[in-house]
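J.: To be precise about what I am sending: the file is called data_29.txt and holds compact mmCIF, C-alpha atoms and all ligand atoms.
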```txt
# COMPACT_ATOMS: atom_id res chain seq x y z
CA MET A 1 34.97 -58.57 -66.76
CA ARG A 2 33.51 -56.85 -63.72
CA ALA A 3 36.08 -58.00 -61.16
CA ASN A 4 38.52 -55.39 -59.89
CA LYS A 5 41.69 -54.81 -61.93
CA GLU A 6 43.95 -56.68 -59.52
CA LEU A 7 41.80 -59.82 -59.65
CA GLN A 8 41.57 -59.52 -63.44
CA LYS A 9 45.37 -59.37 -63.68
CA ARG A 10 45.72 -62.48 -61.53
CA VAL A 11 43.41 -64.33 -63.92
CA PHE A 12 45.15 -63.01 -67.06
CA TYR A 13 48.61 -64.01 -65.81
CA THR A 14 47.71 -67.49 -64.52
CA GLU A 15 48.86 -69.87 -67.22
CA ASN A 16 46.43 -72.68 -66.52
CA ILE A 17 43.32 -70.48 -66.65
CA GLU A 18 41.60 -70.25 -70.02
CA ILE A 19 39.17 -67.33 -70.37
CA ILE A 20 36.15 -68.06 -72.52
CA TRP A 21 34.80 -64.66 -73.52
CA ASN A 22 31.22 -63.85 -74.49
CA HIS A 23 29.72 -67.12 -73.34
CA VAL A 24 27.06 -67.95 -70.79
CA PRO A 25 26.51 -71.30 -69.08
CA VAL A 26 23.52 -73.27 -70.33
CA GLU A 27 23.75 -76.64 -68.63
CA ILE A 28 26.01 -78.72 -66.46
CA LEU A 29 26.13 -82.19 -68.00
CA GLY A 30 26.53 -85.33 -65.98
CA GLU A 31 25.78 -88.93 -65.34
CA SER A 32 24.11 -90.38 -62.32
CA ASP A 33 23.23 -93.76 -60.95
CA LYS A 34 21.80 -94.98 -57.67
CA PHE A 35 25.03 -94.23 -55.82
CA SER A 36 26.67 -91.20 -57.36
CA LYS A 37 26.44 -88.18 -59.64
CA THR A 38 29.36 -87.28 -61.90
CA VAL A 39 29.98 -84.12 -63.89
CA THR A 40 31.05 -84.84 -67.45
CA GLY A 41 30.81 -81.47 -69.14
CA PHE A 42 29.41 -78.01 -69.44
CA ARG A 43 27.25 -76.63 -72.23
CA LEU A 44 28.06 -73.01 -73.13
CA LYS A 45 26.38 -70.56 -75.46
CA ASN A 46 28.10 -67.80 -77.37
CA ILE A 47 26.00 -64.70 -76.68
CA ASN A 48 26.89 -63.16 -80.03
CA THR A 49 26.32 -66.10 -82.35
CA GLN A 50 23.98 -68.19 -80.10
CA GLU A 51 26.18 -71.14 -81.01
CA GLU A 52 26.52 -73.78 -78.31
CA LYS A 53 29.53 -75.87 -77.46
CA ILE A 54 30.37 -78.49 -74.89
CA LEU A 55 33.43 -78.44 -72.69
CA GLU A 56 34.46 -81.78 -71.30
CA LEU A 57 35.06 -81.40 -67.57
CA ASP A 58 35.06 -83.51 -64.45
CA GLY A 59 34.23 -80.74 -61.99
CA VAL A 60 32.50 -77.39 -61.76
CA PHE A 61 32.89 -74.56 -59.21
CA VAL A 62 30.32 -71.80 -59.28
CA ALA A 63 31.54 -68.24 -58.59
CA ILE A 64 29.17 -65.61 -59.85
CA GLY A 65 30.18 -62.34 -58.26
CA HIS A 66 28.53 -60.26 -55.59
CA HIS A 67 24.80 -59.94 -55.23
CA PRO A 68 23.30 -58.98 -51.86
CA ASN A 69 20.94 -61.71 -50.68
CA THR A 70 18.17 -59.32 -49.62
CA GLU A 71 15.14 -60.38 -51.67
CA VAL A 72 13.49 -61.54 -48.47
CA PHE A 73 13.48 -57.93 -47.21
CA ALA A 74 12.16 -56.30 -50.37
CA GLY A 75 9.13 -54.17 -49.58
CA GLN A 76 9.83 -54.41 -45.85
CA ILE A 77 13.13 -52.57 -45.36
CA GLU A 78 14.39 -49.78 -47.57
CA LEU A 79 16.92 -51.09 -50.12
CA ASP A 80 19.02 -49.09 -52.58
CA LYS A 81 18.89 -49.51 -56.36
CA ASP A 82 21.35 -52.44 -56.16
CA ASN A 83 19.35 -54.11 -53.38
CA TYR A 84 21.71 -53.28 -50.53
CA ILE A 85 20.00 -52.53 -47.21
CA ILE A 86 20.17 -48.79 -46.50
CA THR A 87 21.44 -47.92 -43.03
CA GLN A 88 21.68 -44.52 -41.39
CA LYS A 89 25.17 -43.03 -41.69
CA GLY A 90 27.54 -44.31 -38.98
CA SER A 91 25.06 -46.82 -37.56
CA SER A 92 23.25 -50.05 -38.34
CA HIS A 93 19.74 -48.53 -38.10
CA THR A 94 17.57 -49.41 -41.08
CA SER A 95 14.35 -47.77 -42.27
CA VAL A 96 12.44 -49.94 -39.78
CA GLU A 97 12.73 -49.17 -36.10
CA GLY A 98 14.31 -52.06 -34.21
CA VAL A 99 15.77 -53.68 -37.33
CA PHE A 100 19.54 -53.40 -37.76
CA ALA A 101 21.77 -54.44 -40.65
CA ALA A 102 25.45 -55.33 -40.91
CA GLY A 103 27.88 -57.00 -43.27
CA ASP A 104 27.80 -57.64 -46.99
CA VAL A 105 24.06 -56.96 -47.32
CA GLN A 106 24.65 -53.39 -46.19
CA ASN A 107 28.27 -52.57 -47.04
CA THR A 108 28.63 -51.61 -50.69
CA ASN A 109 32.29 -50.69 -50.46
CA TYR A 110 34.36 -52.88 -48.12
CA LYS A 111 33.07 -56.42 -48.34
CA GLN A 112 35.52 -58.19 -46.04
CA ALA A 113 35.23 -60.56 -43.08
CA ILE A 114 36.63 -58.00 -40.67
CA THR A 115 34.33 -55.17 -41.79
CA ALA A 116 31.35 -57.54 -41.56
CA ALA A 117 32.43 -58.53 -38.03
CA ALA A 118 32.81 -54.88 -37.07
CA GLY A 119 29.38 -54.18 -38.54
CA GLY A 120 27.99 -57.07 -36.50
CA CYS A 121 29.42 -55.49 -33.36
CA ILE A 122 27.87 -52.12 -34.25
CA ALA A 123 24.51 -53.79 -34.89
CA ALA A 124 24.69 -55.65 -31.57
CA ILE A 125 25.36 -52.39 -29.69
CA ASP A 126 22.59 -50.57 -31.58
CA ALA A 127 20.18 -53.45 -30.82
CA GLU A 128 21.13 -53.47 -27.14
CA ARG A 129 20.59 -49.70 -26.88
CA PHE A 130 17.28 -50.00 -28.69
CA LEU A 131 16.09 -52.73 -26.32
CA ALA A 132 17.21 -50.74 -23.27
CA MET A 133 15.26 -47.74 -24.58
CA VAL A 134 12.13 -49.84 -25.25
CA GLU A 135 12.27 -51.35 -21.77
CA GLU A 136 12.43 -47.91 -20.07
C1 LIG A 201 35.18 -66.08 -52.85
C2 LIG A 201 35.26 -65.11 -51.71
C3 LIG A 201 36.50 -64.85 -51.13
C4 LIG A 201 36.59 -63.96 -50.07
N1 LIG A 201 37.83 -63.72 -49.51
C5 LIG A 201 37.91 -62.92 -48.43
C6 LIG A 201 39.17 -62.72 -47.79
O1 LIG A 201 40.19 -63.26 -48.20
N2 LIG A 201 39.21 -61.90 -46.71
C7 LIG A 201 38.10 -61.29 -46.23
O2 LIG A 201 38.18 -60.58 -45.23
N3 LIG A 201 36.90 -61.46 -46.82
C8 LIG A 201 36.78 -62.26 -47.91
N4 LIG A 201 35.57 -62.44 -48.54
C9 LIG A 201 34.42 -61.65 -48.07
C10 LIG A 201 33.80 -62.22 -46.79
O3 LIG A 201 33.56 -63.60 -46.96
C11 LIG A 201 32.48 -61.49 -46.54
O4 LIG A 201 32.71 -60.10 -46.54
C12 LIG A 201 31.86 -61.89 -45.22
O5 LIG A 201 31.67 -63.28 -45.16
C13 LIG A 201 30.54 -61.18 -45.05
O6 LIG A 201 29.96 -61.63 -43.86
P1 LIG A 201 28.40 -61.51 -43.66
O7 LIG A 201 28.14 -62.05 -42.29
O8 LIG A 201 27.94 -60.13 -43.97
O9 LIG A 201 27.74 -62.43 -44.79
P2 LIG A 201 27.90 -64.00 -45.02
O10 LIG A 201 29.21 -64.51 -44.53
O11 LIG A 201 27.54 -64.18 -46.45
O12 LIG A 201 26.78 -64.60 -44.09
C14 LIG A 201 25.41 -64.48 -44.37
C15 LIG A 201 24.73 -65.74 -43.82
O13 LIG A 201 23.31 -65.56 -43.91
C16 LIG A 201 22.76 -66.78 -44.37
N5 LIG A 201 21.47 -66.47 -44.99
C17 LIG A 201 21.22 -65.93 -46.21
N6 LIG A 201 19.89 -65.82 -46.41
C18 LIG A 201 19.29 -66.27 -45.30
C19 LIG A 201 17.93 -66.41 -44.89
N7 LIG A 201 16.92 -66.02 -45.68
N8 LIG A 201 17.69 -66.94 -43.68
C20 LIG A 201 18.69 -67.32 -42.86
N9 LIG A 201 19.99 -67.22 -43.19
C21 LIG A 201 20.29 -66.70 -44.39
C22 LIG A 201 23.77 -67.33 -45.34
O14 LIG A 201 23.61 -68.71 -45.51
C23 LIG A 201 25.08 -67.00 -44.61
O15 LIG A 201 25.45 -68.00 -43.71
C24 LIG A 201 35.43 -63.32 -49.58
C25 LIG A 201 34.20 -63.60 -50.16
C26 LIG A 201 34.11 -64.48 -51.21
C27 LIG A 201 32.76 -64.77 -51.82
```
How would this structure read if it were set down as structure tokens?

T.:
Amino acid sequence: MRANKELQKRVFYTENIEIIWNHVPVEILGESDKFSKTVTGFRLKNINTQEEKILELDGVFVAIGHHPNTEVFAGQIELDKDNYIITQKGSSHTSVEGVFAAGDVQNTNYKQAITAAAGGCIAAIDAERFLAMVEE
């Protein structure tokens, strides 16, 4: 598990959560007609034995961790090895003049709504200053 220890504990100690170790999802199974689509199960594969099994379910929620959604900037703005946008220390300036970054795509440490909002404010101020400088 890659989640932080506190989140792991919450999962371990919740009685109605069953952890299925060493499996990856293969396929969501379902039925559909003209009017609706219904989930009926989930096909899983054991990564050690390659054996597949089907869990009968009537719903699926996808939660697959944190991955910065920055592919669109690859090759245009400098990214770090984990694909986070690199900003200059204490600011939202990126490797490209006039492009500013804030929030989860840039913050590797404190991914929270309030830090993203604060980053947005910093980026807005940096952008305003940049525009004022360009206009001079
Ligand atoms: C399950 C979960 C629980 C969380 N719980 C909390 C909590 O309790 N408290 C807390 O403070 N934080 C919580 N967070 C973290 C918080 O949601 C994030 O830190 C915050 O939303 C980051 O804001 P953001 O603006 O950087 O990114 P986002 O909120 O992810 O916004 C990015 C936006 O950009 C859009 N976008 C992506 N690609 C493109 C594109 N190519 N073109 C146009 N638009 C695009 C996306 O659709 C999205 O609307 C939680 C996060 C998750 C996933």

J.: When you count only C-alpha atoms, which of these residues is closest to Gly119 (chain A): A:Ala102, A:Val26, A:Ile17, A:Met133?

T.: A:Ala102

J.: Figure out the distance between CA of Gln50 (chain A) and CA of Val62 (chain A), please, to one decimal in Å.

T.: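 Between CA of Val62 (chain A) and CA of Gln50 (chain A) the gap is 22.1 Å.
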
J.: Could you give me the axis-aligned bounding box of region 2-8 of chain A, with 4 Å of padding per side, as centre plus edge lengths in Å to one decimal, as AutoDock Vina command-line options?

T.:
```
--center_x 38.7 --center_y -57.3 --center_z -61.6 --size_x 18.4 --size_y 13.0 --size_z 12.2
```

J.: What is the distance, in Å and to one decimal place, between CA of Gln8 (chain A) and atom C24 of ligand LIG 201 (chain A)?

T.: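 Between CA of Gln8 (chain A) and atom C24 of ligand LIG 201 (chain A) the gap is 15.6 Å.
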
J.: Name the residues in contact with Lys37 (chain A) at a cut-off of 12 Å, using all atoms listed in the file, excluding same-chain residues fewer than 5 positions from it; report them as a ChimeraX atom specification.

T.: /A:28-32,58-59

J.: Given a cut-off of 10 Å, what residues near ligand LIG 201 (chain A) show up using all atoms listed in the file, put as number ranges by chain?

T.: A: 62-73, 101-107, 110-120
